[in-house]
file run_24.txt (compact mmCIF, C-alpha atoms)
# COMPACT_ATOMS: atom_id res chain seq x y z
CA MET A 1 5.04 7.46 -15.52
CA ALA A 2 3.04 6.05 -12.68
CA ALA A 3 -0.70 5.96 -13.19
CA VAL A 4 -3.15 7.82 -10.99
CA VAL A 5 -6.48 6.03 -11.14
CA ALA A 6 -9.88 6.95 -9.74
CA CYS A 7 -12.39 4.25 -8.90
CA THR A 8 -15.82 5.44 -7.86
CA SER A 9 -18.75 3.41 -6.61
CA ASP A 10 -22.36 4.19 -5.81
CA ALA A 11 -22.93 0.69 -4.50
CA THR A 12 -24.27 -0.08 -1.05
CA ALA A 13 -21.53 -1.86 0.89
CA ASP A 14 -22.12 -5.37 2.11
CA GLN A 15 -23.00 -4.85 5.75
CA GLN A 16 -21.27 -8.10 6.65
CA ASP A 17 -17.94 -6.42 5.91
CA PRO A 18 -16.39 -4.09 8.52
CA GLN A 19 -17.13 -0.51 7.51
CA THR A 20 -14.78 2.47 7.57
CA SER A 21 -15.39 6.17 8.11
CA CYS A 22 -13.00 6.93 5.22
CA GLN A 23 -15.01 8.35 2.34
CA SER A 24 -12.07 8.23 -0.05
CA VAL A 25 -8.66 6.57 -0.05
CA LEU A 26 -5.42 7.87 -1.54
CA HIS A 27 -3.24 4.79 -2.05
CA VAL A 28 0.49 5.15 -2.75
CA GLY A 29 2.29 1.89 -3.44
CA ASP A 30 5.19 -0.04 -4.92
CA SER A 31 5.23 -3.29 -6.92
CA LEU A 32 3.33 -5.13 -4.17
CA SER A 33 0.41 -2.82 -4.98
CA LEU A 34 0.59 -3.77 -8.65
CA GLY A 35 -0.60 -7.24 -7.64
CA ILE A 36 -3.70 -5.77 -6.00
CA THR A 37 -4.51 -3.14 -8.65
CA ASP A 38 -3.98 -3.34 -12.41
CA GLU A 39 -2.27 -6.75 -12.28
CA ALA A 40 -4.77 -8.34 -9.89
CA ASP A 41 -5.43 -11.91 -11.05
CA SER A 42 -8.72 -12.38 -9.21
CA PRO A 43 -11.58 -10.23 -7.87
CA GLY A 44 -10.45 -11.01 -4.32
CA ALA A 45 -7.04 -9.49 -5.04
CA ASP A 46 -8.56 -6.24 -6.34
CA VAL A 47 -8.09 -3.80 -3.48
CA ALA A 48 -10.43 -1.22 -5.07
CA GLN A 49 -13.29 -3.69 -4.71
CA ARG A 50 -12.20 -4.50 -1.17
CA TYR A 51 -12.20 -0.78 -0.31
CA GLU A 52 -15.66 -0.49 -1.84
CA ALA A 53 -16.94 -3.38 0.29
CA ALA A 54 -15.57 -1.58 3.36
CA GLY A 55 -17.61 1.54 2.57
CA VAL A 56 -15.08 3.65 0.65
CA THR A 57 -16.75 5.68 -2.10
CA THR A 58 -13.74 6.71 -4.19
CA SER A 59 -10.18 5.39 -4.39
CA PHE A 60 -7.21 7.05 -6.06
CA PHE A 61 -4.06 5.04 -6.80
CA ASP A 62 -0.48 5.94 -7.68
CA VAL A 63 1.63 2.78 -7.76
CA ALA A 64 4.94 1.97 -9.45
CA GLY A 65 7.39 -0.90 -9.32
CA GLY A 66 10.72 -0.32 -7.61
CA ARG A 67 9.35 2.68 -5.70
CA SER A 68 10.79 3.92 -2.42
CA SER A 69 10.18 7.06 -0.41
CA VAL A 70 13.14 9.10 -1.68
CA GLU A 71 14.98 7.29 -4.51
CA THR A 72 13.67 7.32 -8.08
CA VAL A 73 13.64 4.57 -10.73
CA ASP A 74 13.45 5.34 -14.47
CA ASP A 75 12.35 8.91 -13.77
CA LYS A 76 9.15 7.74 -12.06
CA PRO A 77 8.11 9.80 -9.03
CA ASN A 78 9.15 8.47 -5.65
CA ALA A 79 6.54 7.94 -2.95
CA VAL A 80 6.91 11.44 -1.50
CA SER A 81 6.39 13.07 -4.91
CA ALA A 82 3.46 10.76 -5.68
CA ALA A 83 1.82 11.61 -2.35
CA GLU A 84 2.34 15.33 -2.93
CA GLU A 85 0.61 15.08 -6.31
CA LEU A 86 -2.31 13.07 -4.94
CA SER A 87 -2.72 15.50 -2.05
CA ARG A 88 -2.70 18.48 -4.40
CA THR A 89 -5.14 17.12 -6.97
CA HIS A 90 -7.83 15.37 -4.90
CA PRO A 91 -10.38 16.69 -2.39
CA ALA A 92 -9.28 16.61 1.24
CA ALA A 93 -12.70 16.12 2.83
CA GLY A 94 -13.21 12.65 4.28
CA ARG A 95 -10.07 11.15 2.84
CA CYS A 96 -7.65 8.64 4.31
CA TRP A 97 -4.27 7.42 3.13
CA VAL A 98 -2.83 3.97 2.56
CA LEU A 99 0.96 4.13 2.29
CA GLN A 100 2.11 0.75 0.98
CA ILE A 101 5.79 1.65 0.95
CA GLY A 102 8.96 0.50 2.64
CA THR A 103 10.34 -2.70 1.11
CA ASN A 104 12.69 -0.86 -1.25
CA ASP A 105 13.48 1.73 1.42
CA ALA A 106 14.67 -1.03 3.74
CA ALA A 107 16.83 -2.46 0.94
CA ASN A 108 18.32 0.93 0.07
CA ILE A 109 19.18 1.55 3.72
CA SER A 110 20.86 -1.86 3.83
CA ALA A 111 22.84 -0.98 0.70
CA GLY A 112 24.27 2.13 2.35
CA SER A 113 21.81 5.01 2.01
CA GLN A 114 22.45 7.69 4.61
CA ILE A 115 18.71 8.44 4.88
CA ASP A 116 17.42 6.23 7.66
CA ALA A 117 13.96 4.73 8.05
CA ALA A 118 12.72 7.38 10.49
CA ALA A 119 13.63 10.21 8.11
CA ARG A 120 11.93 8.43 5.20
CA ILE A 121 8.76 7.87 7.22
CA ASP A 122 8.81 11.49 8.39
CA GLN A 123 9.01 12.80 4.82
CA LEU A 124 5.84 10.94 3.84
CA MET A 125 3.97 11.79 7.02
CA GLN A 126 4.77 15.48 6.54
CA VAL A 127 2.96 15.35 3.19
CA VAL A 128 -0.07 13.68 4.77
CA GLY A 129 -0.26 16.11 7.69
CA ASP A 130 -2.92 15.18 10.24
CA GLU A 131 -5.07 13.07 7.89
CA PRO A 132 -5.70 9.40 8.81
CA VAL A 133 -3.03 6.97 7.58
CA LEU A 134 -2.89 3.18 7.36
CA TRP A 135 0.60 1.81 6.67
CA PRO A 136 1.08 -1.94 6.06
CA ASN A 137 4.26 -3.25 7.63
CA LEU A 138 6.79 -5.39 5.77
CA LYS A 139 7.64 -9.04 5.31
CA THR A 140 10.07 -10.92 3.08
CA LEU A 141 11.49 -14.44 3.20
CA VAL A 142 15.05 -15.73 3.55
CA SER A 143 14.94 -16.51 -0.19
CA ALA A 144 14.75 -12.78 -1.00
CA PRO A 145 17.77 -11.18 -2.75
CA MET A 146 20.58 -9.38 -0.94
CA HIS A 147 19.42 -6.28 0.99
CA TYR A 148 15.84 -7.61 1.08
CA GLU A 149 16.46 -10.12 3.86
CA PRO A 150 13.75 -10.45 6.55
CA GLU A 151 15.85 -8.75 9.24
CA LYS A 152 16.01 -5.59 7.09
CA MET A 153 12.21 -5.53 6.99
CA VAL A 154 11.97 -6.14 10.74
CA ALA A 155 14.22 -3.14 11.36
CA TYR A 156 12.03 -0.93 9.17
CA ASN A 157 8.92 -2.22 10.95
CA GLY A 158 10.47 -1.14 14.23
CA ALA A 159 10.90 2.38 12.88
CA LEU A 160 7.26 2.38 11.76
CA THR A 161 6.08 1.40 15.23
CA GLU A 162 8.22 4.13 16.79
CA ALA A 163 6.66 6.65 14.39
CA CYS A 164 3.25 6.12 16.01
CA ALA A 165 4.51 8.12 18.99
CA ARG A 166 5.22 11.08 16.68
CA TYR A 167 2.06 10.78 14.58
CA PRO A 168 -1.22 10.09 16.41
CA ASN A 169 -2.97 9.79 13.02
CA LEU A 170 -0.84 6.76 12.02
CA ARG A 171 -2.04 3.17 12.28
CA ILE A 172 0.03 0.20 11.13
CA TYR A 173 -1.58 -2.82 9.49
CA ASP A 174 0.26 -5.94 10.67
CA ALA A 175 0.50 -7.48 7.20
CA ALA A 176 3.57 -9.44 8.28
CA ALA A 177 1.40 -11.42 10.69
CA ASP A 178 -1.33 -12.04 8.10
CA LEU A 179 0.87 -13.19 5.21
CA PRO A 180 2.03 -16.83 5.47
CA ASP A 181 5.29 -17.88 3.84
CA SER A 182 3.24 -19.59 1.13
CA ALA A 183 1.96 -16.14 0.05
CA PHE A 184 5.30 -15.31 -1.60
CA VAL A 185 6.47 -16.21 -5.08
CA ASP A 186 10.09 -14.96 -4.92
CA GLY A 187 10.63 -13.98 -1.31
CA ILE A 188 9.34 -10.44 -1.95
CA HIS A 189 6.28 -10.43 -4.22
CA HIS A 190 2.98 -12.19 -3.61
CA THR A 191 1.23 -15.07 -5.30
CA THR A 192 -2.39 -14.56 -6.37
CA ALA A 193 -3.52 -16.07 -3.07
CA GLY A 194 -1.07 -13.82 -1.24
CA SER A 195 -2.42 -10.76 -3.04
CA GLU A 196 -5.94 -11.74 -1.98
CA VAL A 197 -4.81 -11.88 1.66
CA PHE A 198 -2.97 -8.58 1.27
CA ALA A 199 -5.86 -6.72 -0.41
CA GLY A 200 -8.47 -8.04 2.00
CA GLY A 201 -6.24 -7.38 4.98
CA ILE A 202 -5.59 -3.77 4.00
CA ALA A 203 -9.30 -3.02 3.55
CA SER A 204 -10.27 -4.79 6.76
CA ALA A 205 -7.50 -3.06 8.72
CA LEU A 206 -8.66 0.31 7.34
CA ALA A 207 -12.13 -0.37 8.76
CA THR A 208 -10.62 -1.53 12.05
CA ALA A 209 -8.36 1.50 12.39
CA TYR A 210 -10.95 4.06 11.25
CA PRO A 211 -14.38 2.49 11.85
CA ALA A 212 -17.63 3.98 10.64
CA GLY A 213 -19.54 5.86 13.30
CA GLY A 214 -16.60 6.37 15.63
CA GLY A 215 -13.15 7.79 16.11
CA PRO A 216 -9.85 6.09 15.30
CA THR A 217 -9.11 2.86 17.13
CA PRO A 218 -6.64 3.55 19.97
CA GLY A 219 -3.15 2.16 19.73
CA CYS A 220 -0.69 1.74 16.92
CA VAL A 221 -0.84 -1.69 15.26
CA VAL A 222 -4.06 -3.16 13.93
CA GLY A 223 -4.40 -6.68 12.59
CA THR A 224 -6.97 -8.94 11.02
CA ALA A 225 -7.16 -12.36 12.59
CA ASN A 226 -9.58 -13.19 9.79
CA THR A 227 -9.39 -10.98 6.72
CA VAL A 228 -12.52 -10.01 4.84
CA PRO A 229 -13.64 -12.88 2.55
CA ALA A 230 -13.07 -12.29 -1.14
CA PRO A 231 -16.17 -11.09 -3.02
CA GLU A 232 -17.75 -13.98 -4.90
CA SER A 233 -19.44 -12.16 -7.76
CA SER A 234 -17.59 -8.88 -8.23
CA PRO A 235 -16.29 -8.08 -11.71
CA GLY A 236 -12.54 -7.97 -12.29
CA PRO A 237 -10.53 -4.94 -13.43
CA MET A 238 -11.81 -3.21 -16.57
CA ALA A 239 -15.25 -4.81 -16.18
CA ALA A 240 -18.23 -2.77 -17.24
CA PRO A 241 -20.29 -1.36 -14.36
CA GLN A 242 -23.16 -3.56 -13.30
CA SER A 243 -26.05 -3.04 -10.93
CA GLY A 244 -24.69 -2.88 -7.39
CA ASN A 245 -21.07 -2.64 -8.53
CA GLY A 246 -18.84 0.36 -9.11
CA LEU A 247 -16.79 1.15 -12.17
CA ILE A 248 -13.30 -0.30 -11.78
CA CYS A 249 -10.92 1.55 -14.05
CA PHE A 250 -7.22 0.71 -14.13
CA ALA A 251 -4.54 2.00 -16.46
CA PRO A 252 -1.61 -0.30 -17.30
CA ILE A 253 1.63 0.24 -15.40
CA VAL A 254 5.01 -1.26 -16.26
CA ASP A 255 6.24 -3.30 -13.30
CA ILE A 256 9.79 -2.39 -12.38
CA CYS A 257 11.37 -4.65 -9.75
CA LEU A 258 14.61 -3.85 -8.00
CA SER A 259 17.32 -6.38 -8.71
CA THR A 260 20.09 -4.54 -6.85
CA THR A 261 20.53 -1.38 -4.84
CA ASP A 262 23.70 0.63 -4.59
CA PHE A 263 24.04 3.18 -1.82
CA GLY A 264 20.54 4.51 -2.14
CA LEU A 265 20.47 4.59 -5.95
CA ALA A 266 18.13 1.96 -7.33
CA SER A 267 19.17 -0.27 -10.18
CA ALA A 268 16.12 -1.79 -11.80
CA THR A 269 15.05 -4.31 -14.37
CA THR A 270 11.72 -4.56 -16.15
CA ARG A 271 9.81 -7.68 -15.24
call {"tool": "encode", "arguments": {"input": "run_24.txt", "output": "structure tokens"}}
result
Amino acid sequence: MAAVVACTSDATADQQDPQTSCQSVLHVGDSLSLGITDEADSPGADVAQRYEAAGVTTSFFDVAGGRSSVETVDDKPNAVSAAEELSRTHPAAGRCWVLQIGTNDAANISAGSQIDAAARIDQLMQVVGDEPVLWPNLKTLVSAPMHYEPEKMVAYNGALTEACARYPNLRIYDAAADLPDSAFVDGIHHTTAGSEVFAGGIASALATAYPAGGGPTPGCVVGTANTVPAPESSPGPMAAPQSGNGLICFAPIVDICLSTTDFGLASATTR
């Protein structure tokens, strides 16, 4: 089962970091989120700490390898089911969403799924309703396996951009522009340095899209020309709370990575 994790902080955010109006974040993700949550190899790659630095009080995570919006892998909930559960079980006041989903959707569409990108995006946005959403766009390299080629991600990104016209509460984080080719270990997943860029970029884009003391930033795509610097003295996952730092509490999750897709049904291997 995917883990749902709460991370709460009473720390005062570093005022040098951009601040967000989001009091809490509900984060739904795939294996790329594993590298910035329970498998984070450095404090800078820990997105919970990056959210905290941006002014978020509480973060809730449901991440699982191999996840897409509609298909399931090893009986784990897909992104729509995970979002429904998070929405049902956590307070609605002041919350924002980060939907780190799409890489496996793009691959499943390439493999022959009859559910297109727009329909997949719509299913998730219908769960969220009118609450603020940040959705990182996609990037892979030419070295990625079949169905994960860069052009498949570009097509999905186009559908995401078009969705902004249907959902005024949607903002897209241009992760594809922030992540250099050197950030990838296998054409899909990120190195430790890549995870640091990804985690910092998501938190910074959240503050850009939904800034403290104001309304949502106009437009659709937000970027971070310079992502928030990694914290220098924050504890890593499972560290005991210290003065000025929140309790970071992550449960282990088995990383499932898609090796093939077949007409919308995911075939997976355990990494």
call {"tool": "atom_distance", "arguments": {"input": "run_24.txt", "atom1": "atom CA of A:Gly94", "atom2": "atom CA of A:Thr217"}}
result
16.7 Å
call {"tool": "residues_around", "arguments": {"input": "run_24.txt", "residues": "A:Gln126", "least_positions_apart": "5", "cutoff": "10 Å", "atoms": "only C-alpha atoms", "output": "number ranges by chain"}}
result
A: 80, 84, 121, 167
call {"tool": "atom_distance", "arguments": {"input": "run_24.txt", "atom1": "atom CA of A:Cys220", "atom2": "atom CA of A:Asp178"}}
result
16.4 Å
call {"tool": "atom_distance", "arguments": {"input": "run_24.txt", "atom1": "atom CA of A:Gln23", "atom2": "atom CA of A:Gly215"}}
result
13.9 Å
call {"tool": "closest_residue", "arguments": {"input": "run_24.txt", "among": "A:Ile36, A:Ser110, A:Gln16, A:Ala175", "to": "A:Glu151", "atoms": "only C-alpha atoms"}}
result
A:Ser110
call {"tool": "residues_around", "arguments": {"input": "run_24.txt", "residues": "A:Ser182", "least_positions_apart": "3", "cutoff": "9 Å", "atoms": "only C-alpha atoms", "output": "PyMOL selection string"}}
result
chain A and resi 179+185+190-191+193-194
call {"tool": "closest_residue", "arguments": {"input": "run_24.txt", "among": "A:Ser68, A:Thr20, A:Ser81, A:Thr161", "to": "A:Ala53", "atoms": "only C-alpha atoms"}}
result
A:Thr20
call {"tool": "residues_around", "arguments": {"input": "run_24.txt", "residues": "A:Thr103", "least_positions_apart": "3", "cutoff": "7 Å", "atoms": "all atoms listed in the file", "output": "PyMOL selection string"}}
result
chain A and resi 106-107+138+153
call {"tool": "residues_around", "arguments": {"input": "run_24.txt", "residues": "stretch 195-200 of chain A", "least_positions_apart": "5", "cutoff": "12 Å", "atoms": "only C-alpha atoms", "output": "PDB file with C-alpha atoms, in the coordinates of the input"}}
result
ATOM      1  CA  ASP A  17     -17.940  -6.420   5.910  1.00  0.00           C
ATOM      2  CA  PRO A  18     -16.390  -4.090   8.520  1.00  0.00           C
ATOM      3  CA  HIS A  27      -3.240   4.790  -2.050  1.00  0.00           C
ATOM      4  CA  SER A  31       5.230  -3.290  -6.920  1.00  0.00           C
ATOM      5  CA  LEU A  32       3.330  -5.130  -4.170  1.00  0.00           C
ATOM      6  CA  SER A  33       0.410  -2.820  -4.980  1.00  0.00           C
ATOM      7  CA  LEU A  34       0.590  -3.770  -8.650  1.00  0.00           C
ATOM      8  CA  GLY A  35      -0.600  -7.240  -7.640  1.00  0.00           C
ATOM      9  CA  ILE A  36      -3.700  -5.770  -6.000  1.00  0.00           C
ATOM     10  CA  THR A  37      -4.510  -3.140  -8.650  1.00  0.00           C
ATOM     11  CA  GLU A  39      -2.270  -6.750 -12.280  1.00  0.00           C
ATOM     12  CA  ALA A  40      -4.770  -8.340  -9.890  1.00  0.00           C
ATOM     13  CA  ASP A  41      -5.430 -11.910 -11.050  1.00  0.00           C
ATOM     14  CA  SER A  42      -8.720 -12.380  -9.210  1.00  0.00           C
ATOM     15  CA  PRO A  43     -11.580 -10.230  -7.870  1.00  0.00           C
ATOM     16  CA  GLY A  44     -10.450 -11.010  -4.320  1.00  0.00           C
ATOM     17  CA  ALA A  45      -7.040  -9.490  -5.040  1.00  0.00           C
ATOM     18  CA  ASP A  46      -8.560  -6.240  -6.340  1.00  0.00           C
ATOM     19  CA  VAL A  47      -8.090  -3.800  -3.480  1.00  0.00           C
ATOM     20  CA  ALA A  48     -10.430  -1.220  -5.070  1.00  0.00           C
ATOM     21  CA  GLN A  49     -13.290  -3.690  -4.710  1.00  0.00           C
ATOM     22  CA  ARG A  50     -12.200  -4.500  -1.170  1.00  0.00           C
ATOM     23  CA  TYR A  51     -12.200  -0.780  -0.310  1.00  0.00           C
ATOM     24  CA  GLU A  52     -15.660  -0.490  -1.840  1.00  0.00           C
ATOM     25  CA  ALA A  53     -16.940  -3.380   0.290  1.00  0.00           C
ATOM     26  CA  ALA A  54     -15.570  -1.580   3.360  1.00  0.00           C
ATOM     27  CA  VAL A  98      -2.830   3.970   2.560  1.00  0.00           C
ATOM     28  CA  GLN A 100       2.110   0.750   0.980  1.00  0.00           C
ATOM     29  CA  PRO A 136       1.080  -1.940   6.060  1.00  0.00           C
ATOM     30  CA  ASN A 137       4.260  -3.250   7.630  1.00  0.00           C
ATOM     31  CA  LEU A 138       6.790  -5.390   5.770  1.00  0.00           C
ATOM     32  CA  LYS A 139       7.640  -9.040   5.310  1.00  0.00           C
ATOM     33  CA  TYR A 173      -1.580  -2.820   9.490  1.00  0.00           C
ATOM     34  CA  ASP A 174       0.260  -5.940  10.670  1.00  0.00           C
ATOM     35  CA  ALA A 175       0.500  -7.480   7.200  1.00  0.00           C
ATOM     36  CA  ALA A 176       3.570  -9.440   8.280  1.00  0.00           C
ATOM     37  CA  ALA A 177       1.400 -11.420  10.690  1.00  0.00           C
ATOM     38  CA  ASP A 178      -1.330 -12.040   8.100  1.00  0.00           C
ATOM     39  CA  LEU A 179       0.870 -13.190   5.210  1.00  0.00           C
ATOM     40  CA  PRO A 180       2.030 -16.830   5.470  1.00  0.00           C
ATOM     41  CA  ASP A 181       5.290 -17.880   3.840  1.00  0.00           C
ATOM     42  CA  SER A 182       3.240 -19.590   1.130  1.00  0.00           C
ATOM     43  CA  ALA A 183       1.960 -16.140   0.050  1.00  0.00           C
ATOM     44  CA  PHE A 184       5.300 -15.310  -1.600  1.00  0.00           C
ATOM     45  CA  VAL A 185       6.470 -16.210  -5.080  1.00  0.00           C
ATOM     46  CA  ILE A 188       9.340 -10.440  -1.950  1.00  0.00           C
ATOM     47  CA  HIS A 189       6.280 -10.430  -4.220  1.00  0.00           C
ATOM     48  CA  HIS A 190       2.980 -12.190  -3.610  1.00  0.00           C
ATOM     49  CA  ALA A 205      -7.500  -3.060   8.720  1.00  0.00           C
ATOM     50  CA  LEU A 206      -8.660   0.310   7.340  1.00  0.00           C
ATOM     51  CA  ALA A 207     -12.130  -0.370   8.760  1.00  0.00           C
ATOM     52  CA  GLY A 223      -4.400  -6.680  12.590  1.00  0.00           C
ATOM     53  CA  THR A 224      -6.970  -8.940  11.020  1.00  0.00           C
ATOM     54  CA  ALA A 225      -7.160 -12.360  12.590  1.00  0.00           C
ATOM     55  CA  ASN A 226      -9.580 -13.190   9.790  1.00  0.00           C
ATOM     56  CA  THR A 227      -9.390 -10.980   6.720  1.00  0.00           C
ATOM     57  CA  VAL A 228     -12.520 -10.010   4.840  1.00  0.00           C
ATOM     58  CA  PRO A 229     -13.640 -12.880   2.550  1.00  0.00           C
ATOM     59  CA  ALA A 230     -13.070 -12.290  -1.140  1.00  0.00           C
ATOM     60  CA  PRO A 231     -16.170 -11.090  -3.020  1.00  0.00           C
TER      61      PRO A 231
END
call {"tool": "closest_residue", "arguments": {"input": "run_24.txt", "among": "A:Gly187, A:Pro168, A:Gly201, A:Gly65", "to": "A:Val142", "atoms": "only C-alpha atoms"}}
result
A:Gly187
call {"tool": "residues_around", "arguments": {"input": "run_24.txt", "residues": "A:Pro216", "least_positions_apart": "2", "cutoff": "10 Å", "atoms": "only C-alpha atoms", "output": "ChimeraX atom specification"}}
result
/A:20-21,132,168-171,206-214,218-219
call {"tool": "closest_residue", "arguments": {"input": "run_24.txt", "among": "A:Thr192, A:Asn157, A:Ser24, A:Asn108", "to": "A:Gly66", "atoms": "all atoms listed in the file"}}
result
A:Asn108
call {"tool": "closest_residue", "arguments": {"input": "run_24.txt", "among": "A:Ala83, A:Ser69, A:Val28, A:Ala118", "to": "A:Trp135", "atoms": "only C-alpha atoms"}}
result
A:Val28
call {"tool": "residues_near_point", "arguments": {"input": "run_24.txt", "point": "(0.9, 15.6, 0.5)", "cutoff": "10 Å", "atoms": "all atoms listed in the file", "output": "VMD selection string"}}
result
chain A and resid 80 to 89 123 to 129 131
call {"tool": "axis_aligned_box", "arguments": {"input": "run_24.txt", "around": "stretch 57-60 of chain A", "padding_each_side": "6 Å", "output": "JSON"}}
result
{"center_x": -12.0, "center_y": 6.2, "center_z": -4.1, "size_x": 21.5, "size_y": 13.7, "size_z": 16.0}
